[in-house]
file target.cif (mmCIF, C-alpha atoms)
data_final
loop_
_atom_site.label_atom_id
_atom_site.label_comp_id
_atom_site.auth_asym_id
_atom_site.auth_seq_id
_atom_site.Cartn_x
_atom_site.Cartn_y
_atom_site.Cartn_z
CA ASP Z 1 0.00 0.00 0.00
CA VAL Z 2 1.45 3.37 -1.07
CA GLN Z 3 1.72 5.97 1.67
CA ASP Z 4 1.72 9.72 1.16
CA THR Z 5 5.10 11.21 1.95
CA ARG Z 6 6.37 14.60 3.02
CA LEU Z 7 9.72 15.98 1.88
CA LYS Z 8 11.51 17.91 4.60
CA ILE Z 9 14.28 20.31 3.59
CA HIS Z 10 16.85 21.85 5.93
CA PRO Z 11 18.86 24.46 3.99
CA GLY Z 12 22.38 25.33 5.08
CA SER Z 13 25.28 27.36 3.75
CA LYS Z 14 27.44 24.39 2.75
CA THR Z 15 24.95 21.50 2.69
CA THR Z 16 21.19 21.03 2.49
CA GLY Z 17 19.56 18.16 4.34
CA LEU Z 18 16.70 16.29 2.66
CA ALA Z 19 14.44 13.71 4.30
CA LEU Z 20 11.51 11.79 2.84
CA VAL Z 21 9.08 11.06 5.66
CA ALA Z 22 6.08 8.71 5.44
CA GLU Z 23 3.03 9.60 7.53
CA TYR Z 24 1.78 6.25 8.86
CA VAL Z 25 -1.50 6.20 10.75
CA ARG Z 26 -0.44 3.68 13.40
CA ARG Z 27 3.31 4.25 13.69
CA GLY Z 28 3.41 8.00 13.04
CA PRO Z 29 6.03 9.72 10.89
CA THR Z 30 8.88 7.48 9.70
CA VAL Z 31 11.98 8.55 7.76
CA ILE Z 32 12.18 6.52 4.56
CA TRP Z 33 15.13 8.22 2.92
CA ALA Z 34 17.59 10.92 3.99
CA ALA Z 35 20.45 12.63 2.21
CA GLU Z 36 22.80 15.58 2.41
CA LEU Z 37 23.22 17.73 -0.68
CA ALA Z 38 26.68 19.37 -0.77
CA HIS Z 39 26.84 22.81 -2.38
CA ARG Z 40 29.72 24.10 -4.49
CA GLY Z 41 29.45 27.77 -3.49
CA ALA Z 42 33.15 28.14 -2.67
CA VAL Z 43 34.20 26.51 -5.96
CA ILE Z 44 31.90 28.81 -7.93
CA ARG Z 45 33.18 31.86 -6.05
CA LYS Z 46 36.80 30.88 -6.81
CA ALA Z 47 36.05 30.29 -10.52
CA LEU Z 48 34.34 33.68 -10.81
CA GLN Z 49 37.31 35.37 -9.10
CA GLN Z 50 39.74 33.75 -11.56
CA ARG Z 51 37.53 34.78 -14.47
CA ARG Z 52 37.42 38.37 -13.23
CA ASP Z 53 41.21 38.43 -12.79
CA HIS Z 54 41.80 37.15 -16.34
CA ARG Z 55 39.34 39.70 -17.74
CA ARG Z 56 41.06 42.56 -15.90
CA PHE Z 57 44.46 41.38 -17.11
CA ARG Z 58 43.27 41.32 -20.75
CA ARG Z 59 41.62 44.71 -20.49
CA ALA Z 60 44.66 46.28 -18.84
CA LYS Z 61 46.68 45.57 -22.01
CA LEU Z 62 44.40 47.72 -24.16
CA ARG Z 63 45.80 51.21 -24.61
CA TYR Z 64 42.88 53.25 -25.77
CA ARG Z 65 39.85 51.54 -24.39
CA ALA Z 66 36.65 53.55 -24.10
CA PRO Z 67 35.50 53.89 -20.47
CA ARG Z 68 32.66 51.59 -19.43
CA PHE Z 69 30.27 52.38 -16.65
CA LEU Z 70 26.55 52.30 -15.93
CA ASN Z 71 26.25 48.96 -17.73
CA ARG Z 72 26.16 46.76 -14.65
CA THR Z 73 22.43 46.70 -13.81
CA LYS Z 74 21.19 43.46 -12.32
CA PRO Z 75 17.80 42.11 -13.37
CA LYS Z 76 14.97 41.83 -10.86
CA GLY Z 77 15.18 38.66 -8.80
CA TRP Z 78 18.94 38.32 -9.40
CA LEU Z 79 20.88 36.11 -6.98
CA ALA Z 80 24.61 35.72 -6.60
CA PRO Z 81 25.86 32.72 -8.65
CA SER Z 82 26.73 30.68 -5.54
CA LEU Z 83 23.24 31.24 -4.09
CA GLN Z 84 21.57 30.58 -7.44
CA HIS Z 85 23.46 27.27 -7.62
CA ARG Z 86 22.20 26.35 -4.14
CA VAL Z 87 18.58 27.05 -5.14
CA ASP Z 88 18.88 25.29 -8.50
CA THR Z 89 20.47 22.09 -7.17
CA THR Z 90 17.96 21.85 -4.33
CA MET Z 91 15.03 22.33 -6.70
CA ALA Z 92 16.46 19.76 -9.15
CA CYS Z 93 16.78 17.21 -6.34
CA VAL Z 94 13.22 17.95 -5.16
CA SER Z 95 11.79 17.50 -8.66
CA ARG Z 96 13.62 14.15 -9.04
CA LEU Z 97 12.27 12.95 -5.70
CA GLN Z 98 8.75 13.97 -6.71
CA ARG Z 99 9.07 11.72 -9.77
CA TRP Z 100 10.18 8.74 -7.66
CA ALA Z 101 7.94 9.09 -4.60
CA PRO Z 102 4.38 10.35 -4.02
CA VAL Z 103 5.35 13.60 -2.28
CA VAL Z 104 2.23 15.45 -1.15
CA ALA Z 105 3.85 18.19 0.95
CA LEU Z 106 7.13 20.07 1.37
CA SER Z 107 8.44 21.39 4.68
CA THR Z 108 11.44 23.65 5.11
CA LEU Z 109 13.24 24.54 8.30
CA LEU Z 110 14.36 28.14 8.49
CA HIS Z 111 16.14 29.45 11.55
CA ARG Z 112 17.85 32.68 12.38
CA PHE Z 113 20.25 33.21 15.24
CA ASP Z 114 21.07 36.51 16.85
CA THR Z 115 24.72 35.85 17.65
CA GLN Z 116 25.16 39.19 19.43
CA ALA Z 117 22.23 38.41 21.73
CA LEU Z 118 23.77 35.00 22.48
CA GLN Z 119 26.95 36.76 23.66
CA ASN Z 120 25.15 39.60 25.45
CA PRO Z 121 21.46 38.97 26.29
CA GLU Z 122 20.88 42.62 27.40
CA ILE Z 123 21.77 44.08 23.97
CA SER Z 124 19.19 46.33 22.31
CA GLY Z 125 18.78 49.22 19.88
CA ALA Z 126 21.90 51.06 18.73
CA GLU Z 127 24.18 48.71 20.68
CA TYR Z 128 23.92 46.31 17.72
CA GLN Z 129 25.84 48.82 15.63
CA HIS Z 130 28.77 49.11 18.03
CA GLY Z 131 31.67 46.80 17.37
CA THR Z 132 33.82 44.98 19.92
CA LEU Z 133 36.20 47.95 20.20
CA PHE Z 134 33.51 50.57 20.85
CA GLY Z 135 34.64 53.01 23.56
CA TYR Z 136 38.32 52.04 23.32
CA GLU Z 137 41.08 54.31 22.17
CA VAL Z 138 43.39 52.38 19.86
CA ARG Z 139 46.44 53.00 22.07
CA GLU Z 140 44.61 51.93 25.24
CA TYR Z 141 43.25 48.84 23.51
CA LEU Z 142 46.71 47.77 22.36
CA LEU Z 143 48.19 48.33 25.82
CA GLU Z 144 45.46 46.18 27.35
CA LYS Z 145 45.80 43.55 24.63
CA TRP Z 146 49.53 43.08 25.28
CA GLY Z 147 49.18 43.06 29.07
CA ARG Z 148 50.61 46.58 29.52
CA LYS Z 149 54.11 45.51 28.55
CA CYS Z 150 56.23 46.18 25.50
CA VAL Z 151 55.81 43.72 22.65
CA TYR Z 152 59.46 43.99 21.63
CA CYS Z 153 61.40 44.03 24.91
CA ASP Z 154 58.81 42.87 27.51
CA ALA Z 155 59.44 45.96 29.67
CA GLU Z 156 56.66 46.28 32.23
CA HIS Z 157 57.19 49.25 34.55
CA THR Z 158 58.33 51.86 32.02
CA PRO Z 159 56.13 54.55 30.51
CA LEU Z 160 55.11 52.95 27.25
CA THR Z 161 55.30 55.63 24.63
CA ILE Z 162 54.84 55.07 20.94
CA ASP Z 163 58.56 54.70 20.27
CA HIS Z 164 60.43 53.98 23.48
CA ILE Z 165 62.89 51.74 21.61
CA HIS Z 166 65.19 53.84 19.48
CA PRO Z 167 66.97 52.32 16.46
CA LYS Z 168 70.80 52.17 16.42
CA SER Z 169 70.87 54.65 13.55
CA LYS Z 170 69.58 57.40 15.90
#
call {"tool": "encode", "arguments": {"input": "target.cif", "output": "structure tokens"}}
result
Amino acid sequence: DVQDTRLKIHPGSKTTGLALVAEYVRRGPTVIWAAELAHRGAVIRKALQQRRDHRRFRRAKLRYRAPRFLNRTKPKGWLAPSLQHRVDTTMACVSRLQRWAPVVALSTLLHRFDTQALQNPEISGAEYQHGTLFGYEVREYLLEKWGRKCVYCDAEHTPLTIDHIHPKSK
């Protein structure tokens, strides 16, 4: 007897998880098939970088090339090539699975994490825009980072000025 199945999709940045789940009346949901779809986003990004570098090299050799600008408009609904690849491969896998199994429903898991709130639960408002060095002077930050001692000579109880070590030439 053929059971209706649900395809569950868990998208990720490097892989997408796929699971075909049968909804049995007596036993409840049961995973029939599961797979991980690996994305090639980094490979695509590297290939596009190489292509751009070669194009710039070729164009740099031209002496009297007319300037080009305002010809880089992106069409509506445009996605970066690595993201477009992720969408296309996932959709191709879903359409293949729909040919092989009686998929009646799709479920996707989307989650968002607030990493700043995980580190500091009391954060709110404009505090999200402040970086980790907010409120520090660069000099004070570096002194604190190196334990208030010189990086070069490990001197601790001397007034640490910008150049307290003088080169032999002076």
call {"tool": "resolve_selection", "arguments": {"input": "target.cif", "expression": "the PyMOL selection byres ((chain Z and resi 75-84) around 7)", "output": "list of chain:residue names"}}
result
Z:Gly41, Z:Ile44, Z:Arg45, Z:Thr73, Z:Lys74, Z:His85, Z:Arg86, Z:Val87, Z:Asp88
call {"tool": "write_last_selection", "arguments": {"input": "target.cif", "atoms": "C-alpha atoms", "output": "PDB file, keeping the file's coordinate frame"}}
result
ATOM      1  CA  GLY Z  41      29.450  27.770  -3.490  1.00  0.00           C
ATOM      2  CA  ILE Z  44      31.900  28.810  -7.930  1.00  0.00           C
ATOM      3  CA  ARG Z  45      33.180  31.860  -6.050  1.00  0.00           C
ATOM      4  CA  THR Z  73      22.430  46.700 -13.810  1.00  0.00           C
ATOM      5  CA  LYS Z  74      21.190  43.460 -12.320  1.00  0.00           C
ATOM      6  CA  HIS Z  85      23.460  27.270  -7.620  1.00  0.00           C
ATOM      7  CA  ARG Z  86      22.200  26.350  -4.140  1.00  0.00           C
ATOM      8  CA  VAL Z  87      18.580  27.050  -5.140  1.00  0.00           C
ATOM      9  CA  ASP Z  88      18.880  25.290  -8.500  1.00  0.00           C
TER      10      ASP Z  88
END
call {"tool": "resolve_selection", "arguments": {"input": "target.cif", "expression": "the PyMOL selection byres ((chain Z and resi 93-102) around 12)", "output": "ChimeraX atom specification"}}
result
/Z:1-9,16-23,32-38,86-92,103-108
call {"tool": "atom_distance", "arguments": {"input": "target.cif", "atom1": "atom CA of Z:Trp146", "atom2": "atom CA of Z:Thr132"}}
result
16.7 Å
call {"tool": "atom_distance", "arguments": {"input": "target.cif", "atom1": "atom CA of Z:Ser13", "atom2": "atom CA of Z:His111"}}
result
12.2 Å
call {"tool": "atom_distance", "arguments": {"input": "target.cif", "atom1": "atom CA of Z:Gly12", "atom2": "atom CA of Z:Tyr128"}}
result
24.5 Å
call {"tool": "closest_residue", "arguments": {"input": "target.cif", "among": "Z:Leu109, Z:Lys149, Z:Arg68, Z:Thr15", "to": "Z:Ala42", "atoms": "only C-alpha atoms"}}
result
Z:Thr15
call {"tool": "decode", "arguments": {"input": "target.cif", "residues": "stretch 114-126 of chain Z", "atoms": "all heavy atoms", "output": "tab-separated table (two decimals), in the first residue's frame"}}
result
chain	number	residue	atom	x	y	z
Z	114	ASP	N	20.53	35.21	16.53
Z	114	ASP	CA	21.07	36.51	16.85
Z	114	ASP	C	22.33	36.26	17.66
Z	114	ASP	O	22.28	36.08	18.88
Z	114	ASP	CB	20.04	37.32	17.65
Z	114	ASP	CG	20.48	38.75	17.87
Z	114	ASP	OD1	21.62	39.08	17.50
Z	114	ASP	OD2	19.68	39.52	18.42
Z	115	THR	N	23.48	36.22	16.97
Z	115	THR	CA	24.72	35.85	17.65
Z	115	THR	C	25.14	36.89	18.68
Z	115	THR	O	25.75	36.55	19.69
Z	115	THR	CB	25.86	35.65	16.63
Z	115	THR	OG1	25.97	36.82	15.83
Z	115	THR	CG2	25.56	34.47	15.73
Z	116	GLN	N	24.81	38.17	18.44
Z	116	GLN	CA	25.16	39.19	19.43
Z	116	GLN	C	24.34	39.01	20.69
Z	116	GLN	O	24.84	39.19	21.79
Z	116	GLN	CB	24.96	40.58	18.85
Z	116	GLN	CG	26.04	40.96	17.85
Z	116	GLN	CD	25.88	42.38	17.37
Z	116	GLN	OE1	24.78	42.83	17.10
Z	116	GLN	NE2	26.98	43.08	17.27
Z	117	ALA	N	23.07	38.63	20.55
Z	117	ALA	CA	22.23	38.41	21.73
Z	117	ALA	C	22.66	37.16	22.49
Z	117	ALA	O	22.48	37.07	23.70
Z	117	ALA	CB	20.76	38.29	21.33
Z	118	LEU	N	23.25	36.19	21.79
Z	118	LEU	CA	23.77	35.00	22.48
Z	118	LEU	C	24.96	35.38	23.36
Z	118	LEU	O	25.13	34.85	24.45
Z	118	LEU	CB	24.20	33.94	21.47
Z	118	LEU	CG	23.07	33.24	20.71
Z	118	LEU	CD1	23.63	32.34	19.62
Z	118	LEU	CD2	22.22	32.43	21.67
Z	119	GLN	N	25.79	36.32	22.88
Z	119	GLN	CA	26.95	36.76	23.66
Z	119	GLN	C	26.56	37.73	24.76
Z	119	GLN	O	27.15	37.73	25.83
Z	119	GLN	CB	27.98	37.41	22.75
Z	119	GLN	CG	28.64	36.44	21.80
Z	119	GLN	CD	29.57	37.14	20.83
Z	119	GLN	OE1	29.62	38.37	20.78
Z	119	GLN	NE2	30.27	36.36	20.03
Z	120	ASN	N	25.57	38.59	24.48
Z	120	ASN	CA	25.15	39.60	25.45
Z	120	ASN	C	23.63	39.70	25.42
Z	120	ASN	O	23.06	40.40	24.59
Z	120	ASN	CB	25.78	40.96	25.09
Z	120	ASN	CG	25.36	42.06	26.03
Z	120	ASN	OD1	24.78	41.80	27.09
Z	120	ASN	ND2	25.64	43.29	25.66
Z	121	PRO	N	22.93	39.00	26.32
Z	121	PRO	CA	21.46	38.97	26.29
Z	121	PRO	C	20.80	40.34	26.51
Z	121	PRO	O	19.65	40.53	26.12
Z	121	PRO	CB	21.09	38.02	27.43
Z	121	PRO	CG	22.31	37.24	27.70
Z	121	PRO	CD	23.47	38.11	27.34
Z	122	GLU	N	21.48	41.31	27.12
Z	122	GLU	CA	20.88	42.62	27.40
Z	122	GLU	C	21.02	43.59	26.24
Z	122	GLU	O	20.66	44.76	26.37
Z	122	GLU	CB	21.50	43.25	28.66
Z	122	GLU	CG	21.10	42.57	29.95
Z	122	GLU	CD	21.97	41.36	30.26
Z	122	GLU	OE1	23.16	41.37	29.90
Z	122	GLU	OE2	21.45	40.40	30.85
Z	123	ILE	N	21.53	43.17	25.09
Z	123	ILE	CA	21.77	44.08	23.97
Z	123	ILE	C	20.45	44.54	23.36
Z	123	ILE	O	19.49	43.77	23.29
Z	123	ILE	CB	22.67	43.41	22.91
Z	123	ILE	CG1	23.21	44.44	21.94
Z	123	ILE	CG2	21.93	42.32	22.17
Z	123	ILE	CD1	24.32	43.92	21.06
Z	124	SER	N	20.41	45.82	22.95
Z	124	SER	CA	19.19	46.33	22.31
Z	124	SER	C	19.52	47.62	21.55
Z	124	SER	O	20.52	48.29	21.85
Z	124	SER	CB	18.11	46.63	23.35
Z	124	SER	OG	18.51	47.68	24.19
Z	125	GLY	N	18.69	47.95	20.59
Z	125	GLY	CA	18.78	49.22	19.88
Z	125	GLY	C	20.10	49.46	19.18
Z	125	GLY	O	20.60	48.62	18.44
Z	126	ALA	N	20.68	50.63	19.42
Z	126	ALA	CA	21.90	51.06	18.73
Z	126	ALA	C	23.12	50.27	19.15
Z	126	ALA	O	24.15	50.33	18.47
Z	126	ALA	CB	22.14	52.54	18.98
